[in-house]
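Containing mmCIF, N, CA, C and O atoms: coords.cif.
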```cif
data_run
loop_
_atom_site.label_atom_id
_atom_site.label_comp_id
_atom_site.auth_asym_id
_atom_site.auth_seq_id
_atom_site.Cartn_x
_atom_site.Cartn_y
_atom_site.Cartn_z
N MET V 10 -2.28 -45.44 -13.14
CA MET V 10 -2.16 -43.99 -13.19
C MET V 10 -0.86 -43.58 -12.51
O MET V 10 -0.53 -44.05 -11.44
N THR V 11 -0.13 -42.69 -13.15
CA THR V 11 1.13 -42.21 -12.62
C THR V 11 0.88 -41.04 -11.66
O THR V 11 0.14 -40.13 -11.97
N ILE V 12 1.53 -41.10 -10.49
CA ILE V 12 1.43 -40.01 -9.52
C ILE V 12 2.42 -38.93 -9.92
O ILE V 12 3.61 -39.21 -10.09
N PRO V 13 1.97 -37.67 -10.06
CA PRO V 13 2.90 -36.60 -10.43
C PRO V 13 3.87 -36.31 -9.28
O PRO V 13 3.51 -36.40 -8.11
N VAL V 14 5.11 -35.98 -9.65
CA VAL V 14 6.13 -35.66 -8.65
C VAL V 14 6.81 -34.35 -9.04
O VAL V 14 6.87 -33.98 -10.21
N CYS V 15 7.35 -33.67 -8.04
CA CYS V 15 8.09 -32.44 -8.28
C CYS V 15 9.35 -32.79 -9.07
O CYS V 15 10.07 -33.74 -8.74
N SER V 16 9.62 -32.03 -10.11
CA SER V 16 10.79 -32.28 -10.95
C SER V 16 12.10 -31.95 -10.24
O SER V 16 13.17 -32.36 -10.69
N PHE V 17 12.02 -31.23 -9.13
CA PHE V 17 13.23 -30.79 -8.43
C PHE V 17 13.54 -31.67 -7.22
O PHE V 17 14.64 -32.18 -7.08
N CYS V 18 12.56 -31.86 -6.32
CA CYS V 18 12.82 -32.62 -5.09
C CYS V 18 12.27 -34.05 -5.14
O CYS V 18 12.54 -34.85 -4.26
N LYS V 19 11.48 -34.34 -6.15
CA LYS V 19 10.88 -35.67 -6.38
C LYS V 19 9.80 -36.03 -5.37
O LYS V 19 9.39 -37.18 -5.28
N ARG V 20 9.30 -35.06 -4.59
CA ARG V 20 8.18 -35.35 -3.68
C ARG V 20 6.94 -35.63 -4.53
O ARG V 20 6.66 -34.90 -5.49
N PRO V 21 6.15 -36.63 -4.15
CA PRO V 21 4.93 -36.92 -4.90
C PRO V 21 3.83 -35.90 -4.57
O PRO V 21 3.81 -35.32 -3.47
N GLY V 22 2.94 -35.70 -5.51
CA GLY V 22 1.84 -34.76 -5.34
C GLY V 22 1.09 -34.86 -4.02
O GLY V 22 0.81 -33.85 -3.40
N PRO V 23 0.76 -36.07 -3.55
CA PRO V 23 0.02 -36.17 -2.29
C PRO V 23 0.82 -35.70 -1.06
O PRO V 23 0.24 -35.47 -0.01
N LYS V 24 2.12 -35.53 -1.18
CA LYS V 24 2.95 -35.12 -0.05
C LYS V 24 3.24 -33.63 -0.02
O LYS V 24 3.95 -33.14 0.85
N VAL V 25 2.71 -32.86 -1.00
CA VAL V 25 2.94 -31.41 -1.06
C VAL V 25 1.58 -30.71 -1.13
O VAL V 25 0.56 -31.33 -1.41
N SER V 26 1.60 -29.39 -0.88
CA SER V 26 0.34 -28.63 -0.94
C SER V 26 -0.13 -28.45 -2.37
O SER V 26 -1.32 -28.50 -2.65
N TYR V 27 0.81 -28.19 -3.29
CA TYR V 27 0.44 -28.06 -4.69
C TYR V 27 1.65 -28.27 -5.59
O TYR V 27 2.79 -28.15 -5.15
N LEU V 28 1.38 -28.59 -6.83
CA LEU V 28 2.39 -28.70 -7.88
C LEU V 28 1.97 -27.75 -9.00
O LEU V 28 0.81 -27.74 -9.41
N VAL V 29 2.93 -26.96 -9.48
CA VAL V 29 2.68 -26.04 -10.59
C VAL V 29 3.36 -26.62 -11.82
O VAL V 29 4.54 -26.97 -11.77
N GLN V 30 2.61 -26.73 -12.91
CA GLN V 30 3.17 -27.28 -14.14
C GLN V 30 3.78 -26.16 -14.96
O GLN V 30 3.19 -25.10 -15.17
N GLY V 31 4.99 -26.40 -15.44
CA GLY V 31 5.69 -25.45 -16.29
C GLY V 31 5.86 -26.03 -17.68
O GLY V 31 5.22 -27.02 -18.05
N PRO V 32 6.76 -25.43 -18.45
CA PRO V 32 7.00 -25.93 -19.81
C PRO V 32 7.56 -27.35 -19.80
O PRO V 32 8.20 -27.76 -18.84
N ASP V 33 7.31 -28.05 -20.86
CA ASP V 33 7.80 -29.43 -21.03
C ASP V 33 7.39 -30.35 -19.89
O ASP V 33 8.12 -31.26 -19.51
N ASN V 34 6.20 -30.09 -19.32
CA ASN V 34 5.65 -30.93 -18.25
C ASN V 34 6.49 -30.96 -16.98
O ASN V 34 6.39 -31.89 -16.19
N LEU V 35 7.33 -29.94 -16.79
CA LEU V 35 8.07 -29.84 -15.52
C LEU V 35 7.08 -29.43 -14.44
O LEU V 35 6.17 -28.64 -14.67
N LEU V 36 7.27 -29.97 -13.25
CA LEU V 36 6.43 -29.64 -12.11
C LEU V 36 7.30 -29.12 -10.98
O LEU V 36 8.41 -29.63 -10.76
N ILE V 37 6.81 -28.11 -10.26
CA ILE V 37 7.52 -27.61 -9.08
C ILE V 37 6.52 -27.52 -7.93
O ILE V 37 5.39 -27.06 -8.11
N CYS V 38 6.94 -28.01 -6.76
CA CYS V 38 6.05 -28.03 -5.61
C CYS V 38 6.20 -26.74 -4.80
O CYS V 38 7.13 -25.96 -4.98
N ASP V 39 5.26 -26.54 -3.88
CA ASP V 39 5.27 -25.35 -3.04
C ASP V 39 6.54 -25.25 -2.20
O ASP V 39 7.07 -24.16 -1.98
N ASN V 40 7.09 -26.37 -1.77
CA ASN V 40 8.33 -26.36 -0.97
C ASN V 40 9.51 -25.85 -1.80
O ASN V 40 10.31 -25.04 -1.31
N CYS V 41 9.61 -26.28 -3.04
CA CYS V 41 10.70 -25.84 -3.90
C CYS V 41 10.52 -24.39 -4.33
O CYS V 41 11.50 -23.66 -4.47
N VAL V 42 9.26 -23.95 -4.53
CA VAL V 42 9.01 -22.55 -4.83
C VAL V 42 9.50 -21.69 -3.66
O VAL V 42 10.21 -20.70 -3.85
N ALA V 43 9.14 -22.07 -2.43
CA ALA V 43 9.55 -21.30 -1.25
C ALA V 43 11.07 -21.27 -1.12
O ALA V 43 11.65 -20.22 -0.82
N ALA V 44 11.72 -22.39 -1.37
CA ALA V 44 13.18 -22.45 -1.28
C ALA V 44 13.82 -21.55 -2.33
O ALA V 44 14.80 -20.85 -2.05
N SER V 45 13.26 -21.53 -3.54
CA SER V 45 13.85 -20.69 -4.59
C SER V 45 13.61 -19.21 -4.31
O SER V 45 14.50 -18.38 -4.54
N VAL V 46 12.45 -18.87 -3.77
CA VAL V 46 12.18 -17.47 -3.41
C VAL V 46 13.17 -17.03 -2.33
O VAL V 46 13.75 -15.94 -2.42
N ASP V 47 13.39 -17.86 -1.33
CA ASP V 47 14.35 -17.52 -0.27
C ASP V 47 15.76 -17.36 -0.83
O ASP V 47 16.49 -16.44 -0.44
N THR V 48 16.14 -18.22 -1.74
CA THR V 48 17.48 -18.15 -2.34
C THR V 48 17.67 -16.85 -3.11
O THR V 48 18.67 -16.15 -2.94
N VAL V 49 16.69 -16.49 -3.94
CA VAL V 49 16.79 -15.26 -4.72
C VAL V 49 16.79 -14.05 -3.78
O VAL V 49 17.57 -13.11 -3.96
N ALA V 50 15.92 -14.06 -2.78
CA ALA V 50 15.82 -12.94 -1.85
C ALA V 50 17.12 -12.73 -1.08
O ALA V 50 17.50 -11.59 -0.79
N LYS V 51 17.82 -13.80 -0.74
CA LYS V 51 19.09 -13.68 -0.02
C LYS V 51 20.20 -13.13 -0.92
O LYS V 51 21.07 -12.40 -0.47
N LYS V 52 20.14 -13.46 -2.20
CA LYS V 52 21.17 -12.99 -3.14
C LYS V 52 20.94 -11.56 -3.60
O LYS V 52 21.87 -10.86 -3.96
N ASP V 53 19.68 -11.13 -3.62
CA ASP V 53 19.33 -9.79 -4.09
C ASP V 53 18.42 -9.16 -3.04
O ASP V 53 17.22 -9.40 -3.00
N ARG V 54 19.00 -8.34 -2.18
CA ARG V 54 18.28 -7.79 -1.02
C ARG V 54 17.01 -7.01 -1.40
O ARG V 54 16.06 -7.00 -0.65
N GLY V 55 16.98 -6.37 -2.55
CA GLY V 55 15.81 -5.58 -2.92
C GLY V 55 14.76 -6.36 -3.69
O GLY V 55 13.68 -5.84 -3.98
N TRP V 56 15.03 -7.61 -4.00
CA TRP V 56 14.14 -8.40 -4.84
C TRP V 56 12.74 -8.55 -4.24
O TRP V 56 11.74 -8.34 -4.91
N ARG V 57 12.67 -8.90 -2.97
CA ARG V 57 11.37 -9.14 -2.33
C ARG V 57 10.51 -7.87 -2.35
O ARG V 57 9.32 -7.93 -2.66
N ASP V 58 11.13 -6.72 -2.05
CA ASP V 58 10.38 -5.47 -2.08
C ASP V 58 9.89 -5.15 -3.49
O ASP V 58 8.76 -4.68 -3.66
N ARG V 59 10.71 -5.42 -4.50
CA ARG V 59 10.27 -5.19 -5.88
C ARG V 59 9.10 -6.10 -6.25
O ARG V 59 8.18 -5.69 -6.96
N GLN V 60 9.12 -7.33 -5.76
CA GLN V 60 8.02 -8.25 -6.04
C GLN V 60 6.73 -7.78 -5.38
O GLN V 60 5.65 -7.82 -5.98
N ILE V 61 6.84 -7.30 -4.14
CA ILE V 61 5.66 -6.79 -3.44
C ILE V 61 5.11 -5.57 -4.17
O ILE V 61 3.90 -5.46 -4.39
N ASP V 62 6.00 -4.65 -4.58
CA ASP V 62 5.56 -3.48 -5.33
C ASP V 62 4.87 -3.88 -6.62
O ASP V 62 3.84 -3.30 -6.99
N HIS V 63 5.41 -4.87 -7.31
CA HIS V 63 4.81 -5.35 -8.56
C HIS V 63 3.41 -5.92 -8.31
O HIS V 63 2.45 -5.61 -9.04
N LEU V 64 3.27 -6.75 -7.29
CA LEU V 64 1.96 -7.34 -6.98
C LEU V 64 0.95 -6.27 -6.59
O LEU V 64 -0.22 -6.33 -6.98
N LEU V 65 1.40 -5.27 -5.82
CA LEU V 65 0.49 -4.18 -5.45
C LEU V 65 0.06 -3.38 -6.68
O LEU V 65 -1.10 -2.98 -6.79
N SER V 66 0.98 -3.18 -7.62
CA SER V 66 0.61 -2.45 -8.83
C SER V 66 -0.40 -3.24 -9.66
O SER V 66 -1.30 -2.65 -10.26
N LEU V 67 -0.28 -4.55 -9.68
CA LEU V 67 -1.25 -5.38 -10.39
C LEU V 67 -2.63 -5.27 -9.74
O LEU V 67 -3.64 -5.16 -10.42
N ARG V 68 -2.63 -5.33 -8.42
CA ARG V 68 -3.92 -5.23 -7.70
C ARG V 68 -4.55 -3.86 -7.94
O ARG V 68 -5.75 -3.76 -8.19
N ASN V 69 -3.75 -2.81 -7.90
CA ASN V 69 -4.27 -1.46 -8.11
C ASN V 69 -4.74 -1.26 -9.55
O ASN V 69 -5.66 -0.50 -9.80
N ALA V 70 -4.13 -1.94 -10.50
CA ALA V 70 -4.52 -1.80 -11.91
C ALA V 70 -5.86 -2.44 -12.19
O ALA V 70 -6.54 -2.08 -13.16
N GLU V 71 -6.29 -3.37 -11.33
CA GLU V 71 -7.57 -4.03 -11.53
C GLU V 71 -8.73 -3.08 -11.28
O GLU V 71 -9.83 -3.30 -11.76
N GLY V 72 -8.49 -2.03 -10.50
CA GLY V 72 -9.56 -1.09 -10.17
C GLY V 72 -10.34 -1.57 -8.96
O GLY V 72 -10.08 -2.65 -8.42
N PRO V 73 -11.29 -0.79 -8.56
CA PRO V 73 -12.07 -1.15 -7.36
C PRO V 73 -12.94 -2.38 -7.61
O PRO V 73 -13.42 -2.60 -8.71
N LYS V 74 -13.07 -3.17 -6.58
CA LYS V 74 -13.92 -4.37 -6.67
C LYS V 74 -15.38 -3.96 -6.45
O LYS V 74 -15.69 -3.12 -5.63
N THR V 75 -16.26 -4.56 -7.21
CA THR V 75 -17.69 -4.32 -7.03
C THR V 75 -18.30 -5.57 -6.46
O THR V 75 -17.94 -6.69 -6.82
N THR V 76 -19.25 -5.37 -5.57
CA THR V 76 -19.91 -6.54 -4.96
C THR V 76 -21.35 -6.63 -5.35
O THR V 76 -21.94 -5.76 -5.87
#
```

Starting from the coordinates I provided, produce the structure as structure tokens.
Amino acid sequence: MTIPVCSFCKRPGPKVSYLVQGPDNLLICDNCVAASVDTVAKKDRGWRDRQIDHLLSLRNAEGPKTT
């Protein structure tokens, strides 16, 4: 059995918290996701706030939770 590895940093699955599969079987680990988020946020100062606003709008669009 082949151990999945991040397509970017080559860390194996057991050494990361998670791997996300993308198109063409590309995998990205949580470490590379964090690094890319930091890179984009540093290049575009308003990016992080826009992402937070977008996530809040998605949560609000779901409506109230029922228990």

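Secondary structure by DSSP on the backbone puts the following residues of chain V in alpha helix (DSSP H): Asp39, Asn40, Cys41, Val42, Ala43, Ala44, Ser45, Val46, Asp47, Thr48, Val49, Ala50, Lys51, Lys52, Trp56, Arg57, Asp58, Arg59, Gln60, Ile61, Asp62, His63, Leu64, Leu65, Ser66, Leu67, Arg68, Asn69 and Ala70 of chain V.
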
Select from region 14-63 of chain V everything DSSP, run on the backbone, classes as strand (DSSP E), then give the selection as a count of residues only.
6

12 Å contact set for region 17-32 of chain V, only C-alpha atoms, chain neighbours under 5 positions out, as a ChimeraX atom specification
/V:11-12,37-45

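Distance-wise, CA of Cys15 (chain V) and CA of Leu35 (chain V) end up 7.7 Å apart.
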
CA of Asn34 (chain V) to CA of Met10 (chain V): how many Å, to one decimal?
16.0 Å

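Interatomic distance, atom C of Lys51 (chain V) to atom O of Val14 (chain V): 26.4 Å.
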
Using the file's own x, y and z axes, so that the box edges lie along x, y and z, what centre and edge lengths in Å (one decimal) does a box around every listed atom of region 11-20 of chain V get when 4 Å is added on each side? Give it as JSON.
```
{"center_x": 7.3, "center_y": -36.7, "center_z": -8.4, "size_x": 22.8, "size_y": 19.9, "size_z": 17.5}
```
